[in-house]
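With mmCIF, C-alpha atoms (C1' of nucleotides) inside, this is final.cif:
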```cif
data_start
loop_
_atom_site.label_atom_id
_atom_site.label_comp_id
_atom_site.auth_asym_id
_atom_site.auth_seq_id
_atom_site.Cartn_x
_atom_site.Cartn_y
_atom_site.Cartn_z
CA MET A 270 130.93 254.33 44.78
CA LYS A 271 132.84 255.54 41.82
CA ASP A 272 130.26 258.07 40.75
CA ALA A 273 129.97 259.90 44.02
CA TYR A 274 132.19 262.79 43.12
CA HIS A 275 134.86 261.58 40.80
CA HIS A 276 133.58 259.97 37.68
CA GLY A 277 136.26 257.44 36.89
CA ASP A 278 136.55 257.94 33.17
CA LEU A 279 134.90 261.21 32.51
CA ARG A 280 137.13 261.95 29.56
CA GLN A 281 135.98 258.96 27.53
CA ALA A 282 132.38 259.43 28.62
CA LEU A 283 132.50 263.00 27.34
CA LEU A 284 133.98 261.85 24.04
CA ASP A 285 131.21 259.29 23.64
CA ALA A 286 128.57 261.88 24.42
CA ALA A 287 130.18 264.29 21.97
CA VAL A 288 130.13 261.72 19.18
CA ALA A 289 126.49 261.00 19.88
CA LEU A 290 125.65 264.69 19.83
CA ILE A 291 127.44 265.24 16.54
CA ALA A 292 125.71 262.21 15.05
CA GLU A 293 122.35 263.63 16.01
CA HIS A 294 122.74 267.37 15.56
CA GLY A 295 125.78 267.81 13.35
CA LEU A 296 129.09 269.36 14.16
CA HIS A 297 127.69 272.73 15.21
CA GLY A 298 125.23 270.91 17.44
CA LEU A 299 128.01 269.82 19.74
CA SER A 300 128.38 271.81 22.92
CA LEU A 301 130.58 271.03 25.84
CA ARG A 302 127.77 272.00 28.18
CA GLU A 303 125.31 269.59 26.63
CA ALA A 304 127.88 266.80 26.65
CA ALA A 305 128.50 267.50 30.32
CA ARG A 306 124.76 267.46 30.97
CA ILE A 307 124.42 264.06 29.28
CA VAL A 308 127.22 262.62 31.35
CA GLY A 309 125.84 264.20 34.48
CA VAL A 310 128.60 266.61 35.44
CA SER A 311 128.73 270.34 35.72
CA HIS A 312 129.21 272.62 32.75
CA ALA A 313 132.84 273.33 33.54
CA ALA A 314 133.97 269.77 34.24
CA PRO A 315 134.99 269.11 30.61
CA TYR A 316 137.71 271.74 30.93
CA ARG A 317 139.59 269.47 33.33
CA HIS A 318 140.07 267.06 30.43
CA PHE A 319 140.12 269.25 27.32
CA ALA A 320 141.71 272.65 26.99
CA ASP A 321 138.85 273.80 24.79
CA LYS A 322 136.26 272.51 22.37
CA ASN A 323 138.83 272.06 19.62
CA ALA A 324 140.95 269.83 21.82
CA MET A 325 137.96 267.59 22.25
CA LEU A 326 137.46 267.35 18.51
CA ILE A 327 141.14 266.59 18.04
CA ALA A 328 140.82 263.74 20.52
CA ILE A 329 137.96 262.32 18.46
CA ALA A 330 140.01 262.70 15.30
CA GLN A 331 143.01 260.93 16.83
CA GLN A 332 140.86 257.99 17.82
CA GLY A 333 139.47 257.90 14.29
CA PHE A 334 142.89 257.90 12.65
CA GLU A 335 143.95 254.99 14.82
CA TRP A 336 140.89 253.01 13.83
CA LEU A 337 141.39 253.86 10.19
CA ALA A 338 144.97 252.63 10.20
CA ASP A 339 143.87 249.47 12.01
CA ALA A 340 141.15 248.87 9.43
CA GLY A 341 143.57 249.45 6.58
CA GLU A 342 146.11 247.05 7.97
CA ALA A 343 143.50 244.42 8.65
CA ALA A 344 142.13 244.70 5.13
CA MET A 345 145.54 244.05 3.58
CA VAL A 346 146.65 241.02 5.59
CA GLY A 347 146.79 237.95 3.41
CA VAL A 348 146.56 239.95 0.20
CA ASP A 349 149.76 239.66 -1.79
CA ASP A 350 149.20 241.30 -5.14
CA PRO A 351 150.18 244.98 -4.78
CA ARG A 352 147.23 246.23 -6.77
CA GLN A 353 144.84 244.12 -4.74
CA ARG A 354 146.40 245.42 -1.57
CA LEU A 355 145.94 248.99 -2.66
CA ASN A 356 142.37 248.34 -3.69
CA ALA A 357 141.69 246.60 -0.39
CA TYR A 358 142.96 249.68 1.43
CA GLY A 359 140.65 251.91 -0.59
CA VAL A 360 137.66 249.72 0.09
CA ALA A 361 138.48 249.61 3.80
CA TYR A 362 138.79 253.39 3.77
CA VAL A 363 135.27 253.82 2.47
CA ARG A 364 133.91 251.20 4.81
CA PHE A 365 135.54 252.93 7.75
CA ALA A 366 133.97 256.25 6.81
CA VAL A 367 130.52 254.68 6.63
CA ALA A 368 131.00 252.77 9.87
CA HIS A 369 132.29 255.81 11.78
CA PRO A 370 130.81 258.81 10.00
CA VAL A 371 131.25 261.21 12.91
CA HIS A 372 134.89 260.37 13.42
CA PHE A 373 135.56 260.58 9.71
CA ARG A 374 133.98 263.99 9.44
CA VAL A 375 135.83 265.32 12.44
CA MET A 376 139.11 263.91 11.13
CA PHE A 377 138.79 266.04 8.03
CA THR A 378 137.22 269.10 9.53
CA GLU A 379 138.80 272.22 8.18
CA GLU A 380 139.00 273.99 11.50
CA LEU A 381 141.51 271.62 12.98
CA THR A 382 143.57 270.76 9.96
CA GLY A 383 146.85 272.50 10.45
CA ASP A 384 146.82 271.39 14.04
CA GLU A 385 150.00 269.46 14.66
CA ALA A 386 148.50 266.81 16.91
CA SER A 387 145.83 266.08 14.35
CA ALA A 388 148.34 265.91 11.53
CA ARG A 389 150.54 263.48 13.43
CA ALA A 390 147.58 261.27 14.21
CA GLY A 391 147.01 260.70 10.52
CA SER A 392 150.59 259.88 9.63
CA ARG A 393 150.29 256.15 10.29
CA SER A 394 147.34 255.64 7.96
CA PHE A 395 148.98 257.87 5.39
CA GLN A 396 152.16 255.84 5.50
CA LEU A 397 150.17 252.68 4.87
CA LEU A 398 148.79 254.31 1.77
CA VAL A 399 152.16 255.49 0.53
CA ASP A 400 153.66 252.05 0.98
CA ALA A 401 150.78 250.29 -0.72
CA SER A 402 150.73 252.60 -3.71
CA SER A 403 154.52 252.63 -4.06
CA ALA A 404 154.45 248.87 -4.34
CA VAL A 405 152.12 249.18 -7.30
CA VAL A 406 153.92 251.80 -9.33
CA GLY A 407 157.34 250.50 -8.45
CA PRO A 408 160.52 252.46 -7.83
CA GLY A 409 161.30 255.46 -9.96
CA HIS A 410 157.91 257.02 -9.51
CA ASP A 411 156.98 259.76 -7.10
CA PRO A 412 155.46 257.83 -4.20
CA ASP A 413 153.53 260.82 -2.93
CA LEU A 414 151.87 261.38 -6.27
CA SER A 415 150.72 257.79 -6.58
CA ALA A 416 149.49 257.94 -3.00
CA VAL A 417 147.47 261.06 -3.73
CA ALA A 418 145.84 259.38 -6.67
CA ALA A 419 145.07 256.28 -4.66
CA TRP A 420 143.74 258.43 -1.84
CA SER A 421 141.56 260.67 -3.95
CA TRP A 422 138.88 258.26 -5.03
CA PRO A 423 138.10 256.60 -1.69
CA HIS A 424 138.24 259.94 0.07
CA GLY A 425 135.85 261.43 -2.46
CA LEU A 426 133.53 258.46 -2.44
CA ALA A 427 133.42 258.48 1.35
CA ASN A 428 132.59 262.18 1.43
CA LEU A 429 129.92 261.80 -1.24
CA ILE A 430 128.29 259.05 0.78
CA LEU A 431 128.42 260.96 4.04
CA THR A 432 126.97 264.10 2.50
CA ARG A 433 124.22 261.96 1.02
CA ARG A 434 125.16 262.58 -2.59
CA ILE A 435 124.89 258.83 -2.92
CA PRO A 436 121.36 257.61 -2.14
CA PRO A 437 121.52 256.32 1.44
CA GLU A 438 119.63 253.16 0.59
CA ALA A 439 122.47 252.28 -1.80
CA VAL A 440 124.92 252.11 1.09
CA ASP A 441 122.87 250.93 4.04
CA THR A 442 124.84 247.73 4.56
CA SER A 443 128.57 247.21 4.61
CA GLU A 444 128.21 244.68 1.79
CA LYS A 445 126.63 247.32 -0.42
CA VAL A 446 129.36 249.77 0.49
CA GLU A 447 132.07 247.31 -0.41
CA ALA A 448 130.35 246.36 -3.66
CA LEU A 449 129.96 250.02 -4.59
CA ALA A 450 133.59 250.75 -3.84
CA ARG A 451 134.73 247.83 -5.98
CA ARG A 452 132.53 248.88 -8.85
CA VAL A 453 133.95 252.37 -8.62
CA ILE A 454 137.43 250.87 -8.90
CA ALA A 455 136.38 248.96 -11.99
CA GLN A 456 134.80 252.05 -13.50
CA LEU A 457 137.85 254.18 -12.85
CA ASP A 458 140.01 251.58 -14.49
CA GLY A 459 137.84 251.56 -17.58
CA VAL A 460 136.49 255.06 -17.85
CA LEU A 461 139.62 257.08 -17.64
CA GLY A 462 141.42 256.85 -20.90
CA PRO A 463 144.82 257.66 -22.29
CA THR A 464 145.50 261.33 -22.05
CA ASP A 465 146.00 261.54 -25.80
CA PRO A 466 142.94 260.79 -27.92
CA MET B 883 122.55 308.85 -0.51
CA LYS B 884 122.01 305.18 -0.80
CA ASP B 885 123.63 304.32 2.48
CA ALA B 886 121.60 306.64 4.63
CA TYR B 887 119.19 304.06 5.93
CA HIS B 888 118.60 301.48 3.29
CA HIS B 889 121.69 299.75 2.10
CA GLY B 890 120.86 298.92 -1.49
CA ASP B 891 122.19 295.41 -1.68
CA LEU B 892 122.59 294.35 1.89
CA ARG B 893 121.93 290.71 1.07
CA GLN B 894 124.93 290.36 -1.22
CA ALA B 895 127.10 292.48 1.05
CA LEU B 896 126.30 290.13 3.92
CA LEU B 897 127.10 287.12 1.78
CA ASP B 898 130.45 288.63 0.84
CA ALA B 899 131.22 289.40 4.46
CA ALA B 900 130.23 285.90 5.46
CA VAL B 901 132.53 284.34 2.89
CA ALA B 902 135.38 286.52 4.09
CA LEU B 903 134.71 285.55 7.69
CA ILE B 904 134.65 281.86 6.88
CA ALA B 905 137.85 282.21 4.88
CA GLU B 906 139.55 283.81 7.84
CA HIS B 907 138.08 282.01 10.84
CA GLY B 908 136.56 278.83 9.48
CA LEU B 909 132.94 277.82 9.33
CA HIS B 910 132.32 278.11 13.06
CA GLY B 911 133.88 281.56 12.96
CA LEU B 912 130.98 282.91 11.00
CA SER B 913 128.45 284.89 12.98
CA LEU B 914 125.58 286.89 11.62
CA ARG B 915 126.32 289.61 14.10
CA GLU B 916 129.93 289.97 13.01
CA ALA B 917 128.91 289.95 9.35
CA ALA B 918 126.40 292.69 10.13
CA ARG B 919 129.08 294.63 11.96
CA ILE B 920 131.43 294.43 8.98
CA VAL B 921 128.76 295.68 6.64
CA GLY B 922 127.77 298.37 9.09
CA VAL B 923 124.22 297.42 9.96
CA SER B 924 122.60 296.36 13.17
CA HIS B 925 122.79 292.85 14.54
CA ALA B 926 119.26 291.98 13.52
CA ALA B 927 119.34 293.36 9.99
CA PRO B 928 120.49 290.05 8.44
CA TYR B 929 117.21 288.46 9.47
CA ARG B 930 115.39 290.60 6.93
CA HIS B 931 117.27 288.70 4.21
CA PHE B 932 117.91 285.28 5.69
CA ALA B 933 115.55 283.27 7.84
CA ASP B 934 118.45 282.03 9.89
CA LYS B 935 122.15 281.29 9.72
CA ASN B 936 121.57 278.10 7.76
CA ALA B 937 119.66 279.99 5.10
CA MET B 938 122.67 282.20 4.63
CA LEU B 939 124.94 279.20 4.18
CA ILE B 940 122.50 277.71 1.70
CA ALA B 941 122.62 280.93 -0.31
CA ILE B 942 126.40 280.66 -0.44
CA ALA B 943 126.13 277.03 -1.52
CA GLN B 944 123.65 277.88 -4.28
CA GLN B 945 125.99 280.49 -5.66
CA GLY B 946 128.80 277.96 -5.55
CA PHE B 947 126.85 275.30 -7.40
CA GLU B 948 126.03 277.77 -10.15
CA TRP B 949 129.67 278.69 -10.54
CA LEU B 950 130.69 275.07 -10.52
CA ALA B 951 128.28 274.19 -13.30
CA ASP B 952 129.45 277.21 -15.28
CA ALA B 953 133.07 276.18 -14.85
CA GLY B 954 132.28 272.62 -15.88
CA GLU B 955 130.46 273.71 -18.99
CA ALA B 956 133.19 276.14 -19.94
CA ALA B 957 135.86 273.49 -19.51
CA MET B 958 134.11 271.13 -21.91
CA VAL B 959 133.37 273.46 -24.79
CA GLY B 960 135.42 272.57 -27.82
CA VAL B 961 136.39 269.20 -26.42
CA ASP B 962 134.90 266.41 -28.48
CA ASP B 963 136.35 263.15 -27.23
CA PRO B 964 134.04 261.87 -24.46
CA ARG B 965 136.90 260.80 -22.23
CA GLN B 966 138.62 264.12 -22.66
CA ARG B 967 135.37 265.89 -21.84
CA LEU B 968 134.96 263.91 -18.66
CA ASN B 969 138.56 264.53 -17.66
CA ALA B 970 138.14 268.23 -18.40
CA TYR B 971 135.15 268.31 -16.08
CA GLY B 972 137.14 266.64 -13.34
CA VAL B 973 140.01 269.06 -13.71
CA ALA B 974 137.61 272.01 -13.69
CA TYR B 975 136.01 270.61 -10.55
CA VAL B 976 139.29 270.62 -8.68
CA ARG B 977 140.21 274.03 -10.00
CA PHE B 978 136.87 275.40 -8.87
CA ALA B 979 137.36 274.04 -5.36
CA VAL B 980 140.78 275.67 -5.10
CA ALA B 981 139.55 278.95 -6.55
CA HIS B 982 136.50 279.11 -4.28
CA PRO B 983 137.43 277.12 -1.21
CA VAL B 984 134.83 278.66 1.06
CA HIS B 985 131.98 278.07 -1.34
CA PHE B 986 133.13 274.52 -1.97
CA ARG B 987 133.29 273.73 1.72
CA VAL B 988 129.88 275.20 2.38
CA MET B 989 128.40 273.33 -0.58
CA PHE B 990 129.36 270.05 1.00
CA THR B 991 128.77 270.90 4.61
CA GLU B 992 127.02 268.12 6.39
CA GLU B 993 124.61 270.33 8.26
CA LEU B 994 122.78 271.49 5.20
CA THR B 995 122.86 268.40 3.07
CA GLY B 996 119.38 267.07 3.09
CA ASP B 997 118.08 270.56 2.61
CA GLU B 998 115.97 270.58 -0.49
CA ALA B 999 117.07 273.97 -1.78
CA SER B 1000 120.69 272.97 -1.47
CA ALA B 1001 120.09 269.66 -3.21
CA ARG B 1002 118.30 271.32 -6.11
CA ALA B 1003 121.12 273.81 -6.51
CA GLY B 1004 123.55 271.01 -7.22
CA SER B 1005 121.40 269.22 -9.78
CA ARG B 1006 122.71 271.15 -12.77
CA SER B 1007 126.35 270.38 -12.12
CA PHE B 1008 125.45 266.79 -11.29
CA GLN B 1009 123.60 266.41 -14.58
CA LEU B 1010 126.65 267.65 -16.45
CA LEU B 1011 128.64 264.93 -14.79
CA VAL B 1012 126.09 262.21 -15.56
CA ASP B 1013 125.94 263.22 -19.20
CA ALA B 1014 129.69 263.38 -19.59
CA SER B 1015 130.30 260.03 -17.97
CA SER B 1016 127.44 258.33 -19.80
CA ALA B 1017 128.99 259.38 -23.06
CA VAL B 1018 132.15 257.55 -22.07
CA VAL B 1019 130.74 254.26 -20.94
CA GLY B 1020 128.05 254.20 -23.60
CA PRO B 1021 124.49 252.94 -23.32
CA GLY B 1022 123.79 249.81 -21.37
CA HIS B 1023 125.72 250.89 -18.32
CA ASP B 1024 124.31 252.41 -15.18
CA PRO B 1025 124.84 256.13 -15.75
CA ASP B 1026 124.70 256.92 -12.05
CA LEU B 1027 127.43 254.46 -11.23
CA SER B 1028 129.78 255.79 -13.84
CA ALA B 1029 129.01 259.30 -12.62
CA VAL B 1030 129.84 258.37 -9.06
CA ALA B 1031 133.17 256.95 -10.16
CA ALA B 1032 133.95 260.04 -12.20
CA TRP B 1033 132.88 262.25 -9.30
CA SER B 1034 134.82 260.46 -6.60
CA TRP B 1035 138.35 261.30 -7.56
CA PRO B 1036 137.99 265.05 -8.18
CA HIS B 1037 135.83 265.39 -5.10
CA GLY B 1038 138.39 263.56 -3.03
CA LEU B 1039 141.32 265.43 -4.48
CA ALA B 1040 139.58 268.75 -3.91
CA ASN B 1041 138.87 267.88 -0.30
CA LEU B 1042 142.41 266.67 0.29
CA ILE B 1043 143.76 269.93 -1.06
CA LEU B 1044 141.39 272.08 0.99
CA THR B 1045 142.14 270.21 4.21
CA ARG B 1046 145.85 270.64 3.46
CA ARG B 1047 146.59 266.96 3.08
CA ILE B 1048 148.33 268.05 -0.12
CA PRO B 1049 151.21 270.42 0.61
CA PRO B 1050 149.84 273.91 -0.09
CA GLU B 1051 152.91 274.92 -2.05
CA ALA B 1052 152.12 272.11 -4.51
CA VAL B 1053 148.83 273.77 -5.43
CA ASP B 1054 149.49 277.49 -5.09
CA THR B 1055 148.83 278.29 -8.72
CA SER B 1056 146.02 277.15 -10.95
CA GLU B 1057 148.58 275.68 -13.34
CA LYS B 1058 149.94 273.46 -10.61
CA VAL B 1059 146.43 272.42 -9.66
CA GLU B 1060 145.59 271.48 -13.21
CA ALA B 1061 148.84 269.60 -13.65
CA LEU B 1062 148.28 267.72 -10.43
CA ALA B 1063 144.75 266.78 -11.41
CA ARG B 1064 145.91 265.49 -14.78
CA ARG B 1065 148.67 263.45 -13.21
CA VAL B 1066 146.14 261.95 -10.83
CA ILE B 1067 144.07 260.95 -13.84
CA ALA B 1068 147.07 259.30 -15.41
CA GLN B 1069 147.92 257.52 -12.18
CA LEU B 1070 144.40 256.25 -11.71
CA ASP B 1071 144.39 254.93 -15.23
CA GLY B 1072 147.60 253.06 -14.66
CA VAL B 1073 147.56 252.12 -11.00
CA LEU B 1074 144.20 250.50 -10.73
CA GLY B 1075 144.41 247.10 -12.28
CA PRO B 1076 142.07 244.37 -13.35
CA THR B 1077 140.16 243.03 -10.41
CA ASP B 1078 141.60 239.59 -11.01
CA PRO B 1079 145.36 239.20 -10.61
"C1'" DC C 995 146.84 255.07 60.00
"C1'" DC C 996 146.99 259.75 59.13
"C1'" DT C 997 148.03 263.87 56.69
"C1'" DC C 998 148.38 266.69 53.08
"C1'" DC C 999 148.38 267.86 48.22
"C1'" DA C 1000 147.43 267.40 43.48
"C1'" DA C 1001 143.76 265.97 40.60
"C1'" DT C 1002 139.11 266.45 39.69
"C1'" DG C 1003 134.55 268.55 39.96
"C1'" DT C 1004 131.32 272.79 41.13
"C1'" DT C 1005 129.47 277.43 41.23
"C1'" DG C 1006 129.53 281.85 39.43
"C1'" DT C 1007 130.41 285.06 35.94
"C1'" DC C 1008 131.52 287.53 31.46
"C1'" DG C 1009 130.96 288.45 26.74
"C1'" DC C 1010 129.27 286.73 22.39
"C1'" DC C 1011 125.86 284.53 19.69
"C1'" DG C 1012 121.22 283.15 17.39
"C1'" DC C 1013 116.80 284.44 17.31
"C1'" DC C 1014 112.50 286.96 18.28
"C1'" DA C 1015 109.40 291.03 19.24
"C1'" DA C 1016 108.35 295.76 19.07
"C1'" DC C 1017 109.36 299.91 17.03
"C1'" DA C 1018 111.33 303.32 13.37
"C1'" DT C 1019 112.29 304.82 8.74
"C1'" DA C 1020 112.20 305.16 3.85
"C1'" DC C 1021 110.89 303.84 -0.88
"C1'" DG C 1022 107.48 303.28 -4.35
"C1'" DC C 1023 102.80 302.69 -5.95
"C1'" DC C 1024 98.18 304.75 -6.28
"C1'" DG D 770 101.13 313.57 -1.83
"C1'" DG D 771 99.85 309.98 1.28
"C1'" DC D 772 100.22 305.49 2.76
"C1'" DG D 773 101.58 300.64 3.06
"C1'" DT D 774 105.18 297.51 2.88
"C1'" DA D 775 109.92 296.47 2.77
"C1'" DT D 776 113.87 297.31 5.25
"C1'" DG D 777 116.57 298.53 9.30
"C1'" DT D 778 117.03 299.39 14.71
"C1'" DT D 779 116.72 298.64 19.63
"C1'" DG D 780 116.08 295.61 23.31
"C1'" DG D 781 115.93 291.29 25.31
"C1'" DC D 782 116.07 286.07 26.22
"C1'" DG D 783 118.41 281.82 26.69
"C1'" DG D 784 122.51 279.12 25.49
"C1'" DC D 785 127.34 278.68 24.84
"C1'" DG D 786 132.68 278.87 25.47
"C1'" DA D 787 135.92 280.15 28.58
"C1'" DC D 788 137.87 281.54 32.86
"C1'" DA D 789 138.34 282.22 38.08
"C1'" DA D 790 137.60 280.93 42.66
"C1'" DC D 791 136.20 277.43 45.61
"C1'" DA D 792 135.11 272.41 47.16
"C1'" DT D 793 135.90 267.52 47.39
"C1'" DT D 794 138.34 263.39 46.84
"C1'" DG D 795 141.75 259.78 46.59
"C1'" DG D 796 146.31 258.39 47.03
"C1'" DA D 797 151.40 258.82 48.19
"C1'" DG D 798 154.66 259.36 51.88
"C1'" DG D 799 155.49 259.56 56.57
#
```

Would you mind writing the file's structure down as structure tokens?
Amino acid sequence: MKDAYHHGDLRQALLDAAVALIAEHGLHGLSLREAARIVGVSHAAPYRHFADKNAMLIAIAQQGFEWLADAGEAAMVGVDDPRQRLNAYGVAYVRFAVAHPVHFRVMFTEELTGDEASARAGSRSFQLLVDASSAVVGPGHDPDLSAVAAWSWPHGLANLILTRRIPPEAVDTSEKVEALARRVIAQLDGVLGPTDP
Amino acid sequence: MKDAYHHGDLRQALLDAAVALIAEHGLHGLSLREAARIVGVSHAAPYRHFADKNAMLIAIAQQGFEWLADAGEAAMVGVDDPRQRLNAYGVAYVRFAVAHPVHFRVMFTEELTGDEASARAGSRSFQLLVDASSAVVGPGHDPDLSAVAAWSWPHGLANLILTRRIPPEAVDTSEKVEALARRVIAQLDGVLGPTDP
DNA sequence: CCTCCAATGTTGTCGCCGCCAACATACGCC
DNA sequence: GGCGTATGTTGGCGGCGACAACATTGGAGG
């Protein structure tokens, strides 16, 4: 019996329970004790796997950053045109946020930005973005600046969706999300004008 | 003596203390009891002014949305070209977020989106955005879609700055923030291409 | 096969918090 | 000038994060 005393994979079970709790009650609705209760262990058991509540959130964020980088890579395979690659990354970014709203929110939670482990977790997905945007603007341009620009719109769109500033019924399937993201790209291309009138 | 028993403006004093606490310790670091302690009243006094902790956050968000709309309006006065007006709104949006990071974060906190009072508070600033973007794309286009596109990039940029994904020293003055926002606009205009290669 | 130890889980506790109820005080209207 | 209501206080309940001390287990080395 694996569940007699030792759980087997209590750490992951706690993470799953935590994600479910956040999905249902929001970030402040997460408590280590409740997660432990769901999993069926005592209220102090989580501390054998996480130093504190923040460490648990960081673990969720790390998982999320891995998935995000995976999704970004997958979205760009087979796409050759640099602009199309960058756009594909942006679309995948928004789709990831909608598919994993809890992870996305935790990844960009103020309280644990500045944490080194969390920052390192995001470096792979960030590098993907820098590479993709550099390929568009070409050498001679600040790669970080172009990356920031290419990051801003999907990050904003994702946050607007998750905070329900976009009507939920407009993004209730991944096809709708992708279509919305692509229309935003088209709008941004047309709406923003030259900086001189 | 105004401070003998009745405070005078305890509500606003509590809001100020709450903003200071969030600025220092993050959202989860806010407690009504600590805010009451700072102001010098008992731990239950806040409940005479706010039904619960969420109501206090909503009050902060409402204040923020008012300021944001004011800033957006102010940024557009005297600007005639529709594209320039829309860009000015976007720049003002980012500047507001940097100037009032706590308010901005609370305004878009997941836990209280869906709250009707909070949603209504944001309607004025949202309407400004819809009007400004509609004027750019002209009639015949979906005004909400163009607004979403115009909202995405400043919202994303603001969030990236506040979560320190942009190096803080790159945005430590309002001039730098404005310059960054305008360069992002220029990048978006140039980097995003036609959807067909 | 056995022993022992490090990893894992439990019980108990402390202080803080959100929230409520019961009580106290003070301001303003008649 | 008295009184009612708004405002503030004290006390208390249950839940939480975190730590300490103790209990159980499984596996590595003999």

Identify all residues satisfying the PyMOL selection byres ((chain D and resi 778) around 7) in the given file; provide them as an MDAnalysis selection string. (chainID B and resid 924) or (chainID D and resid 777 779)

Using the chain letters and numbers from the file, which residues does the PyMOL selection byres ((chain A) within 9 of (chain B)) grab, as a PyMOL selection string? chain A and resi 294-297+350+352-353+355-356+374+377-383+388+402+405-406+414-415+417-429+431-435+449-466

What residues come out when you apply the PyMOL selection byres ((chain C and resi 1004-1016) around 12) to this file, written as an mmCIF file with C-alpha atoms (C1' of nucleotides), keeping the file's coordinate frame?
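In the end it all went to result-v1.cif:
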```cif
data_model
loop_
_atom_site.group_PDB
_atom_site.id
_atom_site.type_symbol
_atom_site.label_atom_id
_atom_site.label_comp_id
_atom_site.auth_asym_id
_atom_site.auth_seq_id
_atom_site.Cartn_x
_atom_site.Cartn_y
_atom_site.Cartn_z
ATOM 1 C CA TYR A 274 132.190 262.790 43.120
ATOM 2 C CA HIS A 275 134.860 261.580 40.800
ATOM 3 C CA VAL A 310 128.600 266.610 35.440
ATOM 4 C CA SER A 311 128.730 270.340 35.720
ATOM 5 C CA HIS A 312 129.210 272.620 32.750
ATOM 6 C CA ALA A 313 132.840 273.330 33.540
ATOM 7 C CA ALA A 314 133.970 269.770 34.240
ATOM 8 C CA PRO A 315 134.990 269.110 30.610
ATOM 9 C CA ARG A 317 139.590 269.470 33.330
ATOM 10 C CA HIS B 910 132.320 278.110 13.060
ATOM 11 C CA GLY B 911 133.880 281.560 12.960
ATOM 12 C CA LEU B 912 130.980 282.910 11.000
ATOM 13 C CA SER B 913 128.450 284.890 12.980
ATOM 14 C CA LEU B 914 125.580 286.890 11.620
ATOM 15 C CA ARG B 915 126.320 289.610 14.100
ATOM 16 C CA GLU B 916 129.930 289.970 13.010
ATOM 17 C CA HIS B 925 122.790 292.850 14.540
ATOM 18 C CA ALA B 926 119.260 291.980 13.520
ATOM 19 C CA ALA B 927 119.340 293.360 9.990
ATOM 20 C CA PRO B 928 120.490 290.050 8.440
ATOM 21 C CA TYR B 929 117.210 288.460 9.470
ATOM 22 C CA PHE B 932 117.910 285.280 5.690
ATOM 23 C CA ALA B 933 115.550 283.270 7.840
ATOM 24 C CA ASP B 934 118.450 282.030 9.890
ATOM 25 C CA LYS B 935 122.150 281.290 9.720
ATOM 26 C CA ASN B 936 121.570 278.100 7.760
ATOM 27 C "C1'" DT C 1002 139.110 266.450 39.690
ATOM 28 C "C1'" DG C 1003 134.550 268.550 39.960
ATOM 29 C "C1'" DC C 1017 109.360 299.910 17.030
ATOM 30 C "C1'" DA C 1018 111.330 303.320 13.370
ATOM 31 C "C1'" DT D 778 117.030 299.390 14.710
ATOM 32 C "C1'" DT D 779 116.720 298.640 19.630
ATOM 33 C "C1'" DG D 780 116.080 295.610 23.310
ATOM 34 C "C1'" DG D 781 115.930 291.290 25.310
ATOM 35 C "C1'" DC D 782 116.070 286.070 26.220
ATOM 36 C "C1'" DG D 783 118.410 281.820 26.690
ATOM 37 C "C1'" DG D 784 122.510 279.120 25.490
ATOM 38 C "C1'" DC D 785 127.340 278.680 24.840
ATOM 39 C "C1'" DG D 786 132.680 278.870 25.470
ATOM 40 C "C1'" DA D 787 135.920 280.150 28.580
ATOM 41 C "C1'" DC D 788 137.870 281.540 32.860
ATOM 42 C "C1'" DA D 789 138.340 282.220 38.080
ATOM 43 C "C1'" DA D 790 137.600 280.930 42.660
ATOM 44 C "C1'" DC D 791 136.200 277.430 45.610
ATOM 45 C "C1'" DA D 792 135.110 272.410 47.160
ATOM 46 C "C1'" DT D 793 135.900 267.520 47.390
#
```

Would you mind reading off the distance between CA of Ala999 in chain B and CA of Ile940 in chain B, one decimal, in Å?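 Interatomic distance here is 7.5 Å.
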
Just to confirm, what's the straight-line distance from CA of Ala1014 in chain B to CA of Glu998 in chain B in Å (one decimal)? 24.6 Å

Shortest contact to chain C, candidates A:Gly333, A:Ala286, A:Ala292, A:Gly309, atoms counted all atoms listed in the file, goes to A:Gly309

To one decimal place in Å, what is the distance between C1' of DC999 in chain C and CA of Arg280 in chain A?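 Between these atoms lies a distance of 22.6 Å.
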
Hey, which of A:Ala305, A:Leu398, A:Val440, A:Leu290 ends up closest to chain C? Count all atoms listed in the file. A:Ala305

Can you list, as JSON, numbers by chain, every protein, DNA or RNA residue that comes within 12 Å of DG1022 in chain C when you count all atoms listed in the file, leaving out same-chain residues fewer than 4 positions away? {"D": [771, 772, 773, 774, 775]}

Range 889-893 of chain B: axis-aligned bounding box, 3 Å on each side, centre and edge lengths in Å, one decimal, as lines of an AutoDock Vina configuration file:
```
center_x = 121.7
center_y = 295.2
center_z = 0.2
size_x = 7.7
size_y = 15.0
size_z = 9.8
```
